[in-house]
file model.txt (compact mmCIF, C-alpha atoms and all ligand atoms)
# COMPACT_ATOMS: atom_id res chain seq x y z
CA MET Y 214 -31.11 -13.96 -0.90
CA ILE Y 215 -27.54 -12.70 -1.27
CA ALA Y 216 -24.87 -13.81 1.23
CA VAL Y 217 -21.21 -12.89 1.64
CA ARG Y 218 -18.75 -15.66 2.56
CA PRO Y 219 -15.00 -16.35 2.37
CA TYR Y 220 -13.57 -17.31 -1.03
CA GLU Y 221 -13.41 -21.00 -1.94
CA PRO Y 222 -11.13 -22.37 -4.69
CA ASP Y 223 -14.16 -23.48 -6.79
CA ASP Y 224 -15.19 -19.81 -7.07
CA LEU Y 225 -12.17 -18.92 -9.19
CA PRO Y 226 -13.57 -19.58 -12.72
CA PHE Y 227 -16.61 -17.45 -11.81
CA LEU Y 228 -14.45 -14.62 -10.44
CA TRP Y 229 -12.62 -14.70 -13.77
CA ALA Y 230 -15.99 -14.49 -15.56
CA LEU Y 231 -16.96 -11.51 -13.38
CA ALA Y 232 -13.64 -9.81 -14.11
CA HIS Y 233 -14.32 -9.99 -17.84
CA LEU Y 234 -17.46 -7.86 -17.58
CA PRO Y 235 -16.98 -4.13 -18.34
CA ASP Y 236 -16.25 -1.80 -15.43
CA ALA Y 237 -15.67 1.61 -17.05
CA GLY Y 238 -18.51 4.12 -17.31
CA VAL Y 239 -21.95 3.15 -16.03
CA THR Y 240 -22.15 -0.62 -16.32
CA GLU Y 241 -25.20 -1.58 -14.25
CA ASP Y 242 -27.15 -3.91 -16.55
CA PRO Y 243 -30.17 -6.02 -15.47
CA THR Y 244 -30.07 -8.02 -18.72
CA VAL Y 245 -26.78 -9.83 -17.93
CA PRO Y 246 -27.74 -13.37 -16.78
CA VAL Y 247 -26.96 -13.94 -13.10
CA PRO Y 248 -25.46 -17.43 -13.63
CA LEU Y 249 -22.06 -16.68 -15.15
CA ARG Y 250 -20.30 -19.09 -17.50
CA ALA Y 251 -17.17 -20.44 -15.77
CA ARG Y 252 -14.00 -19.19 -17.49
CA ARG Y 253 -10.93 -21.37 -17.73
CA ALA Y 254 -8.52 -18.57 -18.63
CA ALA Y 255 -7.35 -16.05 -16.05
CA PRO Y 256 -7.91 -12.36 -16.83
CA SER Y 257 -4.87 -10.36 -17.85
CA GLY Y 258 -3.67 -7.75 -15.41
CA PRO Y 259 -3.02 -7.76 -11.68
CA ALA Y 260 -2.17 -11.11 -10.10
CA ASP Y 261 -4.80 -10.88 -7.35
CA LEU Y 262 -7.36 -12.74 -9.42
CA VAL Y 263 -4.95 -14.91 -11.37
CA ASP Y 264 -3.67 -16.60 -8.25
CA PRO Y 265 -5.67 -15.30 -5.26
CA GLU Y 266 -4.36 -17.98 -2.91
CA GLY Y 267 -0.75 -17.03 -3.54
CA THR Y 268 -1.02 -13.27 -3.93
CA VAL Y 269 -3.83 -12.42 -1.52
CA LEU Y 270 -4.54 -15.17 1.03
CA ARG Y 271 -1.04 -16.50 1.71
CA ALA Y 272 0.25 -12.90 1.68
CA GLY Y 273 -1.88 -12.22 4.79
CA GLY Y 274 -4.95 -10.78 3.05
CA ASP Y 275 -8.51 -11.91 2.52
CA LEU Y 276 -10.96 -12.51 -0.29
CA VAL Y 277 -14.75 -12.50 0.11
CA VAL Y 278 -17.42 -13.55 -2.34
CA ALA Y 279 -21.12 -12.64 -2.63
CA VAL Y 280 -23.44 -15.44 -3.76
CA GLN Y 281 -27.09 -15.50 -4.78
CA ASP Y 282 -28.77 -18.94 -4.99
CA GLY Y 283 -25.35 -20.53 -5.33
CA HIS Y 284 -24.17 -18.12 -8.07
CA VAL Y 285 -21.20 -15.81 -7.59
CA VAL Y 286 -22.42 -12.20 -7.85
CA GLY Y 287 -19.61 -10.22 -6.25
CA VAL Y 288 -16.06 -10.25 -4.99
CA GLY Y 289 -13.71 -8.09 -2.96
CA GLY Y 290 -10.12 -8.52 -1.76
CA LEU Y 291 -7.85 -7.17 0.94
CA ARG Y 292 -4.06 -7.16 0.65
CA PRO Y 293 -1.36 -6.07 3.09
CA VAL Y 294 0.82 -3.19 1.92
CA ARG Y 295 4.50 -4.11 1.87
CA GLY Y 296 6.46 -2.42 4.64
CA ARG Y 297 3.36 -0.98 6.33
CA PRO Y 298 2.09 -3.54 8.81
CA ARG Y 299 -1.11 -1.71 9.85
CA LEU Y 300 -2.18 -0.59 6.38
CA GLY Y 301 -4.38 -2.74 4.12
CA ARG Y 302 -5.34 -2.19 0.52
CA LEU Y 303 -8.74 -3.11 -0.93
CA VAL Y 304 -8.60 -4.65 -4.37
CA ARG Y 305 -10.82 -6.20 -7.02
CA LEU Y 306 -14.18 -5.09 -5.68
CA ARG Y 307 -16.84 -5.94 -8.20
CA VAL Y 308 -20.56 -6.64 -8.21
CA HIS Y 309 -22.44 -8.44 -10.97
CA PRO Y 310 -24.07 -5.80 -13.23
CA ALA Y 311 -27.56 -7.33 -12.76
CA VAL Y 312 -27.61 -7.09 -8.96
CA ARG Y 313 -26.19 -3.63 -8.38
CA ARG Y 314 -27.78 -1.04 -6.07
CA ARG Y 315 -29.07 -3.76 -3.77
CA GLY Y 316 -26.44 -3.38 -1.07
CA VAL Y 317 -24.13 -6.18 -2.27
CA GLY Y 318 -21.14 -3.83 -2.56
CA ARG Y 319 -21.86 -2.44 0.91
CA SER Y 320 -22.02 -5.99 2.38
CA LEU Y 321 -18.72 -6.91 0.71
CA MET Y 322 -17.09 -3.80 2.14
CA THR Y 323 -18.44 -4.57 5.63
CA ALA Y 324 -16.99 -8.08 5.39
CA LEU Y 325 -13.65 -6.72 4.17
CA GLU Y 326 -13.49 -4.16 6.98
CA GLU Y 327 -14.22 -6.92 9.52
CA ALA Y 328 -11.48 -9.02 7.96
CA ALA Y 329 -9.11 -6.04 8.06
CA ARG Y 330 -9.75 -5.57 11.78
CA ARG Y 331 -9.12 -9.29 12.38
CA HIS Y 332 -5.80 -8.97 10.52
CA GLY Y 333 -4.83 -6.01 12.72
CA PHE Y 334 -5.05 -3.28 10.07
CA THR Y 335 -5.97 0.17 11.35
CA ASP Y 336 -6.15 1.95 7.99
CA LEU Y 337 -7.29 1.01 4.53
CA LEU Y 338 -6.63 2.55 1.16
CA LEU Y 339 -7.84 1.84 -2.34
CA ASP Y 340 -7.62 3.40 -5.75
CA VAL Y 341 -10.15 3.75 -8.51
CA GLY Y 342 -10.15 5.35 -11.95
CA ASP Y 343 -12.21 8.52 -12.41
CA HIS Y 344 -13.74 6.82 -15.46
CA GLN Y 345 -15.63 4.55 -13.01
CA PRO Y 346 -18.44 6.86 -11.81
CA GLU Y 347 -20.30 4.05 -10.03
CA ALA Y 348 -17.28 3.24 -7.89
CA LEU Y 349 -16.59 6.93 -7.08
CA ALA Y 350 -20.20 7.43 -5.97
CA PHE Y 351 -20.05 4.20 -4.00
CA TYR Y 352 -16.91 4.99 -1.98
CA ARG Y 353 -18.16 8.51 -1.26
CA ALA Y 354 -21.50 7.09 -0.10
CA LEU Y 355 -19.59 4.78 2.24
CA ASP Y 356 -17.75 7.76 3.77
CA TRP Y 357 -14.27 7.03 2.50
CA SER Y 358 -11.93 10.06 2.39
CA GLU Y 359 -10.72 11.14 -1.03
CA THR Y 360 -7.04 11.87 -0.54
CA TRP Y 361 -5.35 12.34 -3.88
CA ARG Y 362 -5.76 12.23 -7.65
CA GLU Y 363 -2.93 11.02 -9.78
CA ALA Y 364 -2.59 11.18 -13.56
CA GLY Y 365 -0.44 8.51 -15.18
CA GLN Y 366 1.24 9.41 -18.44
CA GLU Y 367 -0.08 6.35 -20.19
CA TRP Y 368 -3.63 6.55 -18.82
CA HIS Y 369 -6.51 8.58 -20.20
CA TRP Y 370 -8.06 8.65 -16.72
CA GLN Y 371 -6.94 9.81 -13.29
CA THR Y 372 -6.42 7.49 -10.36
CA VAL Y 373 -8.36 8.61 -7.30
CA TRP Y 374 -6.98 7.41 -3.95
CA PHE Y 375 -9.33 6.86 -1.03
CA HIS Y 376 -8.52 6.25 2.62
CA ARG Y 377 -10.52 4.98 5.56
CA SER Y 378 -9.51 4.78 9.19
CA LEU Y 379 -10.83 1.73 11.01
CA GLU Y 380 -10.63 3.56 14.29
CA ARG Y 381 -13.89 4.61 15.86
CA ASP Y 382 -15.65 7.69 14.54
CA HIS Y 383 -13.82 8.06 11.20
CA LEU Y 384 -14.33 11.49 9.63
CA PRO Y 385 -14.59 11.35 5.83
CA VAL Y 386 -12.65 14.29 4.41
CA GLU Y 387 -11.57 15.44 1.00
CA VAL Y 388 -7.96 16.55 0.68
CA ARG Y 389 -6.93 18.92 -2.11
CA PRO Y 390 -4.37 21.66 -2.71
CA CYS Y 391 -5.24 25.16 -1.52
CA SER Y 392 -6.17 26.81 -4.81
CA SER Y 393 -7.70 30.27 -4.28
CA ALA Y 394 -8.09 33.25 -1.99
CA ALA Y 395 -11.38 31.70 -0.86
CA ASP Y 396 -9.50 28.54 0.19
CA VAL Y 397 -7.01 30.69 2.11
CA ALA Y 398 -9.91 32.44 3.88
CA ALA Y 399 -11.52 29.07 4.72
CA ALA Y 400 -8.19 27.84 6.12
CA GLU Y 401 -7.85 30.98 8.26
CA HIS Y 402 -11.42 30.45 9.45
CA GLY Y 403 -10.86 26.75 10.29
CA LEU Y 404 -7.36 27.07 11.74
CA PRO Y 405 -6.88 30.76 12.65
CA THR Y 406 -3.30 32.01 12.73
CA GLY Y 407 -3.92 35.75 12.80
CA ARG Y 408 -0.60 36.11 10.97
CA GLY Y 409 -1.42 35.34 7.35
CA ASP Y 410 0.39 31.99 7.51
CA HIS Y 411 -2.10 30.31 5.18
CA ARG Y 412 -1.64 33.02 2.56
CA ALA Y 413 2.16 32.72 2.82
CA ARG Y 414 1.96 28.94 2.29
CA PHE Y 415 -0.36 29.41 -0.68
CA GLU Y 416 2.07 31.91 -2.18
CA ARG Y 417 4.95 29.47 -1.74
CA GLN Y 418 2.86 26.90 -3.59
CA GLN Y 419 2.22 29.42 -6.39
CA ALA Y 420 6.01 29.89 -6.59
CA GLY Y 421 6.47 26.12 -7.01
CA GLU Y 422 8.35 25.65 -3.73
CA ALA Y 423 5.80 23.53 -1.89
CA THR Y 424 2.29 22.06 -2.06
CA TYR Y 425 -0.24 23.25 0.49
CA LEU Y 426 -2.90 20.61 1.08
CA LEU Y 427 -6.14 21.28 2.95
CA ALA Y 428 -8.53 18.67 4.42
CA TRP Y 429 -12.20 19.60 4.04
CA ASP Y 430 -15.18 18.35 6.01
CA ARG Y 431 -18.48 19.63 4.58
CA GLY Y 432 -17.07 22.96 3.39
CA GLN Y 433 -14.89 23.55 6.48
CA VAL Y 434 -11.12 23.25 6.58
CA VAL Y 435 -10.24 20.82 9.39
CA GLY Y 436 -6.54 20.24 8.72
CA HIS Y 437 -3.53 21.02 6.59
CA VAL Y 438 -0.08 19.86 5.63
CA VAL Y 439 2.74 21.40 3.61
CA LEU Y 440 4.81 19.24 1.30
CA GLU Y 441 8.16 20.94 0.64
CA SER Y 442 9.42 19.97 -2.82
CA VAL Y 443 12.88 19.32 -1.34
CA SER Y 444 13.91 18.62 2.28
CA VAL Y 445 14.65 21.87 4.10
CA PHE Y 446 17.42 20.24 6.21
CA PRO Y 447 20.95 20.32 4.70
CA GLU Y 448 21.92 17.33 6.87
CA VAL Y 449 19.05 15.27 5.45
CA ARG Y 450 19.78 16.31 1.86
CA ALA Y 451 23.40 15.26 2.35
CA GLY Y 452 22.46 11.95 4.01
CA VAL Y 453 19.38 10.79 2.11
CA GLY Y 454 19.08 13.01 -0.94
CA ALA Y 455 16.80 15.77 -2.20
CA HIS Y 456 13.40 14.19 -1.60
CA PRO Y 457 10.11 16.01 -0.74
CA GLU Y 458 9.30 16.53 2.92
CA VAL Y 459 6.14 16.84 5.03
CA HIS Y 460 5.76 19.88 7.33
CA LEU Y 461 3.10 21.61 9.41
CA LEU Y 462 0.73 18.66 9.73
CA ASN Y 463 -2.15 20.00 11.79
CA VAL Y 464 -5.76 18.97 12.48
CA VAL Y 465 -8.32 21.04 14.44
CA GLU Y 466 -8.93 19.75 17.94
CA ARG Y 467 -12.53 18.59 17.30
CA ALA Y 468 -11.50 16.46 14.28
CA ARG Y 469 -8.55 14.68 15.91
CA ARG Y 470 -8.23 10.89 16.18
CA ARG Y 471 -10.62 10.50 13.27
CA GLY Y 472 -8.26 9.66 10.42
CA VAL Y 473 -7.75 13.21 9.09
CA ALA Y 474 -3.97 13.29 9.61
CA THR Y 475 -3.68 9.91 7.93
CA ALA Y 476 -5.64 11.21 4.94
CA LEU Y 477 -3.38 14.30 4.77
CA LEU Y 478 -0.21 12.19 4.95
CA GLY Y 479 -1.60 9.87 2.27
CA ALA Y 480 -2.30 12.85 0.02
CA ALA Y 481 1.17 14.31 0.63
CA ALA Y 482 2.69 10.96 -0.31
CA GLY Y 483 0.54 10.99 -3.47
CA VAL Y 484 1.85 14.43 -4.45
CA ALA Y 485 5.44 13.36 -3.78
CA GLN Y 486 4.93 10.31 -5.94
CA GLU Y 487 3.45 12.42 -8.73
CA GLN Y 488 6.55 14.58 -8.56
CA GLY Y 489 8.55 11.44 -9.32
CA ALA Y 490 9.99 10.97 -5.82
CA ALA Y 491 10.84 7.50 -4.56
CA LEU Y 492 10.84 8.68 -0.96
CA VAL Y 493 9.09 11.24 1.24
CA GLY Y 494 10.45 12.38 4.62
CA LEU Y 495 9.38 14.11 7.80
CA ALA Y 496 10.99 15.35 11.00
CA LEU Y 497 9.27 14.79 14.36
CA VAL Y 498 9.87 16.88 17.46
CA PRO Y 499 10.61 14.73 20.54
CA ASP Y 500 7.25 15.07 22.34
CA ASP Y 501 4.77 14.83 19.45
CA ASP Y 502 3.31 11.49 20.56
CA ALA Y 503 0.25 11.73 18.28
CA ALA Y 504 2.32 12.20 15.10
CA LEU Y 505 4.76 9.50 16.24
CA ALA Y 506 1.90 7.02 16.69
CA ILE Y 507 0.55 7.79 13.19
CA VAL Y 508 3.86 7.51 11.34
CA GLN Y 509 4.72 4.28 13.15
CA ARG Y 510 1.28 2.84 12.43
CA LEU Y 511 1.59 3.72 8.75
CA GLY Y 512 5.00 2.10 8.49
CA TRP Y 513 7.27 5.13 8.05
CA ALA Y 514 10.87 4.08 8.66
CA PHE Y 515 12.94 5.66 11.43
CA ARG Y 516 16.29 6.92 10.05
CA PRO Y 517 18.89 6.56 12.79
CA GLY Y 518 21.82 8.92 12.49
CA LEU Y 519 19.71 11.84 11.25
CA ALA Y 520 18.86 14.49 13.86
CA PRO Y 521 17.77 17.66 12.04
CA VAL Y 522 17.11 20.77 14.09
CA ASP Y 523 13.76 22.43 13.39
CA GLU Y 524 12.16 25.68 14.55
CA VAL Y 525 8.90 25.04 16.41
CA ARG Y 526 6.36 27.46 17.90
CA ARG Y 527 5.82 26.77 21.62
CA ARG Y 528 3.45 28.48 24.06
CA ASP Y 529 4.73 29.26 27.55
CA PRO Y 530 2.42 28.88 30.60
CA ARG Y 531 1.24 32.50 30.10
CA GLY Y 532 0.12 31.66 26.55
CA VAL Y 533 2.92 33.64 24.88
CA GLU Y 534 4.36 32.03 21.74
CA HIS Y 535 8.09 31.51 21.32
CA LEU Y 536 10.16 30.03 18.53
CA ALA Y 537 12.17 27.10 19.89
CA ARG Y 538 14.91 25.09 18.18
CA GLU Y 539 14.27 21.37 18.64
CA THR Y 540 16.34 18.34 17.70
CA CYS Y 541 14.06 15.98 15.77
CA THR Y 542 13.96 12.35 14.80
CA TYR Y 543 13.73 11.68 11.04
CA TRP Y 544 11.37 9.32 9.22
CA THR Y 545 10.91 8.36 5.59
CA MET Y 546 8.36 6.44 3.59
CA ASP Y 547 9.25 4.45 0.52
CA LEU Y 548 6.71 5.33 -2.17
CA ALA Y 549 7.16 2.18 -4.26
CA GLY Y 550 4.45 0.33 -2.26
CA ARG Y 551 1.81 2.84 -3.40
CA ARG Y 552 2.17 1.99 -7.08
CA ARG Y 553 -0.83 0.59 -8.89
CA GLY Y 554 -1.04 -3.16 -8.59
C1 LIG U 601 -18.95 0.06 -7.30
C2 LIG U 601 -19.79 -1.22 -7.13
C3 LIG U 601 -18.93 -2.29 -6.49
C4 LIG U 601 -20.99 -0.89 -6.19
O1 LIG U 601 -21.70 -2.10 -5.91
P1 LIG U 601 -23.27 -2.11 -5.51
O2 LIG U 601 -23.61 -3.44 -4.99
O3 LIG U 601 -24.07 -1.57 -6.63
O4 LIG U 601 -23.30 -1.03 -4.33
P2 LIG U 601 -24.43 -0.87 -3.19
O5 LIG U 601 -25.75 -1.29 -3.69
O6 LIG U 601 -23.95 -1.52 -1.94
O7 LIG U 601 -24.39 0.74 -3.03
C5 LIG U 601 -24.22 1.41 -1.78
C6 LIG U 601 -24.38 2.90 -2.01
O8 LIG U 601 -23.34 3.38 -2.89
C7 LIG U 601 -23.87 4.42 -3.75
N1 LIG U 601 -23.84 3.97 -5.15
C8 LIG U 601 -23.54 2.72 -5.62
N2 LIG U 601 -23.59 2.72 -6.98
C9 LIG U 601 -23.94 3.95 -7.36
C10 LIG U 601 -24.17 4.55 -8.62
N3 LIG U 601 -24.07 3.86 -9.77
N4 LIG U 601 -24.54 5.86 -8.66
C11 LIG U 601 -24.68 6.57 -7.52
N5 LIG U 601 -24.49 6.05 -6.27
C12 LIG U 601 -24.11 4.76 -6.21
C13 LIG U 601 -25.32 4.61 -3.30
O9 LIG U 601 -25.34 5.62 -2.30
C14 LIG U 601 -25.66 3.27 -2.72
O10 LIG U 601 -26.72 3.33 -1.78
P3 LIG U 601 -28.24 3.41 -2.32
O11 LIG U 601 -28.38 2.39 -3.41
O12 LIG U 601 -29.03 3.10 -1.08
O13 LIG U 601 -28.42 4.80 -2.84
C15 LIG U 601 -20.39 -1.69 -8.50
O14 LIG U 601 -21.02 -0.60 -9.15
C16 LIG U 601 -19.36 -2.26 -9.47
O15 LIG U 601 -19.03 -3.44 -9.36
N6 LIG U 601 -18.86 -1.45 -10.42
C17 LIG U 601 -17.91 -1.91 -11.44
C18 LIG U 601 -16.57 -2.32 -10.86
C19 LIG U 601 -15.95 -1.22 -10.07
O16 LIG U 601 -16.04 -0.05 -10.40
N7 LIG U 601 -15.29 -1.64 -8.97
C20 LIG U 601 -14.58 -0.77 -8.11
C21 LIG U 601 -13.22 -0.55 -8.68
S1 LIG U 601 -12.15 -0.06 -7.42

call {"tool": "encode", "arguments": {"input": "model.txt", "output": "structure tokens"}}
result
Amino acid sequence: MIAVRPYEPDDLPFLWALAHLPDAGVTEDPTVPVPLRARRAAPSGPADLVDPEGTVLRAGGDLVVAVQDGHVVGVGGLRPVRGRPRLGRLVRLRVHPAVRRRGVGRSLMTALEEAARRHGFTDLLLDVGDHQPEALAFYRALDWSETWREAGQEWHWQTVWFHRSLERDHLPVEVRPCSSAADVAAAEHGLPTGRGDHRARFERQQAGEATYLLAWDRGQVVGHVVLESVSVFPEVRAGVGAHPEVHLLNVVERARRRGVATALLGAAAGVAQEQGAALVGLALVPDDDAALAIVQRLGWAFRPGLAPVDEVRRRDPRGVEHLARETCTYWTMDLAGRRRG
């Protein structure tokens, strides 16, 4: 019988033993003895397992442990993300190689999501290397949204970022750049413009001016966002600098309030970070309450003193579209908190 419970200090030498087992490639192995030999030396690498009390628990996170007949067979952690009060990050998930594919990982994740809700998080993110096929299959099976892939210069693998909304009815989506005429056609099918807007955005991406990201749900485009390589507002460039900027965040009506916009924003931040930016910005029109709620929840910082004027399409009561000039509020997100840790 395998049970999941909160971490206790006596678990630590066994969590260190678990951390020393291989995790790259396919590492399920029924021959590894379930009772692990306690290790007295902490693993090298991230501090979460060196000093979990200091770096995870006292920081406002959580650590859960799976045990079978008194033996530690799994672990998973939850950490707050600095500067983003409603966003949690899952870390150090690992299941003993001899007890995999028995639902232990799933139970750990359920416990971590419950803990996240108790701590008041509304969104979770995690990263995993693409050299860990078990973990990729696992997070996809658990309906996490794949938001962005990032290649580090010193790594021989890519980091894959996943997101999950803890709000009801989360929609798992995959976010990736628009990359072909077929993608453009799928975008026009999912979010019709009748004006060739998707093609124009794709062409701007081809020209290196912007990145056009599409959110996919089972082969259908359900949302998009444009990341301009440099802020389009002279006032912002003068005040904050030439950082990338999010535009045209849009999700189809039927997929709203299901975490898609959060996944798109997470992916846009990932692209900006890959481009070497320390900051990503966005302008919000005064009455966009949904976008305001999301950026506040994710911890974007309001920049007083910046009031860029943007052109927005508005429909009048007869359904006719007009271009309106609107004074916006400005928000930025510091990308340092997303670094691997
Ligand atoms: C990823 C990991 C935690 C999964 O733990 P687990 O206890 O085996 O997972 P579960 O049994 O709860 O699996 C739940 C579902 O995920 C999917 N899944 C898990 N492992 C899989 C694999 N190797 N191949 C394909 N699908 C897999 C399956 O859909 C599975 O359901 P099913 O067994 O009914 O088909 C475990 O493989 C592990 O510790 N890997 C090494 C460390 C690691 O990669 N950690 C994550 C780094 S971020």

call {"tool": "residues_near_ligand", "arguments": {"input": "model.txt", "ligand": "ligand LIG 601 (chain U)", "cutoff": "6 Å", "atoms": "only C-alpha atoms and all ligand atoms", "output": "list in words"}}
result
Asp236, Leu306, Arg307, Val308, Arg313, Arg314, Arg315, Gly316, Val317, Gly318, Arg319, Asp340, Val341, Gln345, Glu347, Ala348, Ala350, Phe351 and Ala354 of chain Y

call {"tool": "closest_residue", "arguments": {"input": "model.txt", "among": "Y:Ala232, Y:Val247, Y:Val453, Y:Leu355", "to": "Thr323 of chain Y", "atoms": "only C-alpha atoms"}}
result
Y:Leu355

call {"tool": "atom_distance", "arguments": {"input": "model.txt", "atom1": "atom CA of Thr244 of chain Y", "atom2": "atom CA of Ala311 of chain Y"}}
result
6.5 Å

call {"tool": "residues_around", "arguments": {"input": "model.txt", "residues": "segment 501-504 of chain Y", "least_positions_apart": "3", "cutoff": "9 Å", "atoms": "only C-alpha atoms", "output": "list in words"}}
result
Leu462, Arg470, Ala474, Leu497, Val498, Ile507, Val508 and Gln509 of chain Y

call {"tool": "residues_around", "arguments": {"input": "model.txt", "residues": "Arg252 of chain Y", "least_positions_apart": "4", "cutoff": "7 Å", "atoms": "only C-alpha atoms", "output": "PyMOL selection string"}}
result
chain Y and resi 226-227+229-230

call {"tool": "atom_distance", "arguments": {"input": "model.txt", "atom1": "atom CA of Val288 of chain Y", "atom2": "atom CA of Asp242 of chain Y"}}
result
17.2 Å

call {"tool": "atom_distance", "arguments": {"input": "model.txt", "atom1": "atom CA of Ala476 of chain Y", "atom2": "atom CA of Gly403 of chain Y"}}
result
17.2 Å

call {"tool": "closest_residue", "arguments": {"input": "model.txt", "among": "Y:Val435, Y:Leu519, Y:Ala413, Y:Leu276", "to": "Ala451 of chain Y", "atoms": "all atoms listed in the file"}}
result
Y:Leu519

call {"tool": "residues_near_point", "arguments": {"input": "model.txt", "point": "(-9.4, 11.9, -14.8)", "cutoff": "6 Å", "atoms": "all atoms listed in the file", "output": "list in words"}}
result
Asp343, Trp370 and Gln371 of chain Y

call {"tool": "residues_near_point", "arguments": {"input": "model.txt", "point": "(-26.9, -18.0, -16.2)", "cutoff": "12 Å", "atoms": "all atoms listed in the file", "output": "list in words"}}
result
Phe227, Ala230, Thr244, Val245, Pro246, Val247, Pro248, Leu249, Arg250, Ala251, Gln281, Asp282, Gly283, His284, Val285, Val286, His309 and Ala311 of chain Y

call {"tool": "residues_around", "arguments": {"input": "model.txt", "residues": "Arg302 of chain Y", "least_positions_apart": "6", "cutoff": "6 Å", "atoms": "all atoms listed in the file", "output": "MDAnalysis selection string"}}
result
chainID Y and resid 291:292 337:339

call {"tool": "closest_residue", "arguments": {"input": "model.txt", "among": "Y:Val473, Y:Leu426, Y:Val277, Y:Leu325", "to": "Asp396 of chain Y", "atoms": "all atoms listed in the file"}}
result
Y:Leu426

call {"tool": "residues_around", "arguments": {"input": "model.txt", "residues": "Val278 of chain Y", "least_positions_apart": "2", "cutoff": "7 Å", "atoms": "all atoms listed in the file", "output": "VMD selection string"}}
result
chain Y and resid 217 to 220 276 280 285 287 to 289

call {"tool": "write_last_selection", "arguments": {"input": "model.txt", "atoms": "C-alpha atoms", "output": "PDB file, in the coordinates of the input"}}
result
ATOM      1  CA  VAL Y 217     -21.210 -12.890   1.640  1.00  0.00           C
ATOM      2  CA  ARG Y 218     -18.750 -15.660   2.560  1.00  0.00           C
ATOM      3  CA  PRO Y 219     -15.000 -16.350   2.370  1.00  0.00           C
ATOM      4  CA  TYR Y 220     -13.570 -17.310  -1.030  1.00  0.00           C
ATOM      5  CA  LEU Y 276     -10.960 -12.510  -0.290  1.00  0.00           C
ATOM      6  CA  VAL Y 280     -23.440 -15.440  -3.760  1.00  0.00           C
ATOM      7  CA  VAL Y 285     -21.200 -15.810  -7.590  1.00  0.00           C
ATOM      8  CA  GLY Y 287     -19.610 -10.220  -6.250  1.00  0.00           C
ATOM      9  CA  VAL Y 288     -16.060 -10.250  -4.990  1.00  0.00           C
ATOM     10  CA  GLY Y 289     -13.710  -8.090  -2.960  1.00  0.00           C
TER      11      GLY Y 289
END

call {"tool": "residues_around", "arguments": {"input": "model.txt", "residues": "Thr372 of chain Y", "least_positions_apart": "6", "cutoff": "12 Å", "atoms": "all atoms listed in the file", "output": "PDB file with C-alpha atoms, in the frame of the given file"}}
result
ATOM      1  CA  LEU Y 339      -7.840   1.840  -2.340  1.00  0.00           C
ATOM      2  CA  ASP Y 340      -7.620   3.400  -5.750  1.00  0.00           C
ATOM      3  CA  VAL Y 341     -10.150   3.750  -8.510  1.00  0.00           C
ATOM      4  CA  GLY Y 342     -10.150   5.350 -11.950  1.00  0.00           C
ATOM      5  CA  ASP Y 343     -12.210   8.520 -12.410  1.00  0.00           C
ATOM      6  CA  HIS Y 344     -13.740   6.820 -15.460  1.00  0.00           C
ATOM      7  CA  GLN Y 345     -15.630   4.550 -13.010  1.00  0.00           C
ATOM      8  CA  ALA Y 348     -17.280   3.240  -7.890  1.00  0.00           C
ATOM      9  CA  LEU Y 349     -16.590   6.930  -7.080  1.00  0.00           C
ATOM     10  CA  GLU Y 359     -10.720  11.140  -1.030  1.00  0.00           C
ATOM     11  CA  THR Y 360      -7.040  11.870  -0.540  1.00  0.00           C
ATOM     12  CA  TRP Y 361      -5.350  12.340  -3.880  1.00  0.00           C
ATOM     13  CA  ARG Y 362      -5.760  12.230  -7.650  1.00  0.00           C
ATOM     14  CA  GLU Y 363      -2.930  11.020  -9.780  1.00  0.00           C
ATOM     15  CA  ALA Y 364      -2.590  11.180 -13.560  1.00  0.00           C
ATOM     16  CA  GLY Y 365      -0.440   8.510 -15.180  1.00  0.00           C
ATOM     17  CA  GLN Y 366       1.240   9.410 -18.440  1.00  0.00           C
ATOM     18  CA  GLY Y 483       0.540  10.990  -3.470  1.00  0.00           C
ATOM     19  CA  GLU Y 487       3.450  12.420  -8.730  1.00  0.00           C
ATOM     20  CA  ARG Y 551       1.810   2.840  -3.400  1.00  0.00           C
ATOM     21  CA  ARG Y 552       2.170   1.990  -7.080  1.00  0.00           C
ATOM     22  CA  ARG Y 553      -0.830   0.590  -8.890  1.00  0.00           C
TER      23      ARG Y 553
END

call {"tool": "decode", "arguments": {"input": "model.txt", "residues": "segment 513-531 of chain Y", "atoms": "C-alpha atoms", "output": "compact mmCIF listing (two decimals), in the first residue's frame"}}
result
# COMPACT_ATOMS: atom_id res chain seq x y z
CA TRP Y 513 2.90 41.48 -13.74
CA ALA Y 514 3.94 44.85 -12.34
CA PHE Y 515 1.92 47.99 -13.07
CA ARG Y 516 4.20 50.78 -14.39
CA PRO Y 517 2.81 54.10 -13.21
CA GLY Y 518 3.73 57.04 -15.37
CA LEU Y 519 3.47 55.10 -18.64
CA ALA Y 520 0.27 55.67 -20.63
CA PRO Y 521 0.87 54.49 -24.21
CA VAL Y 522 -1.85 55.10 -26.78
CA ASP Y 523 -2.83 52.02 -28.78
CA GLU Y 524 -5.13 51.45 -31.75
CA VAL Y 525 -7.94 49.03 -30.91
CA ARG Y 526 -10.73 47.59 -33.06
CA ARG Y 527 -14.16 48.32 -31.54
CA ARG Y 528 -17.61 47.28 -32.77
CA ASP Y 529 -20.41 49.82 -32.60
CA PRO Y 530 -23.98 48.73 -31.66
CA ARG Y 531 -24.70 48.02 -35.36
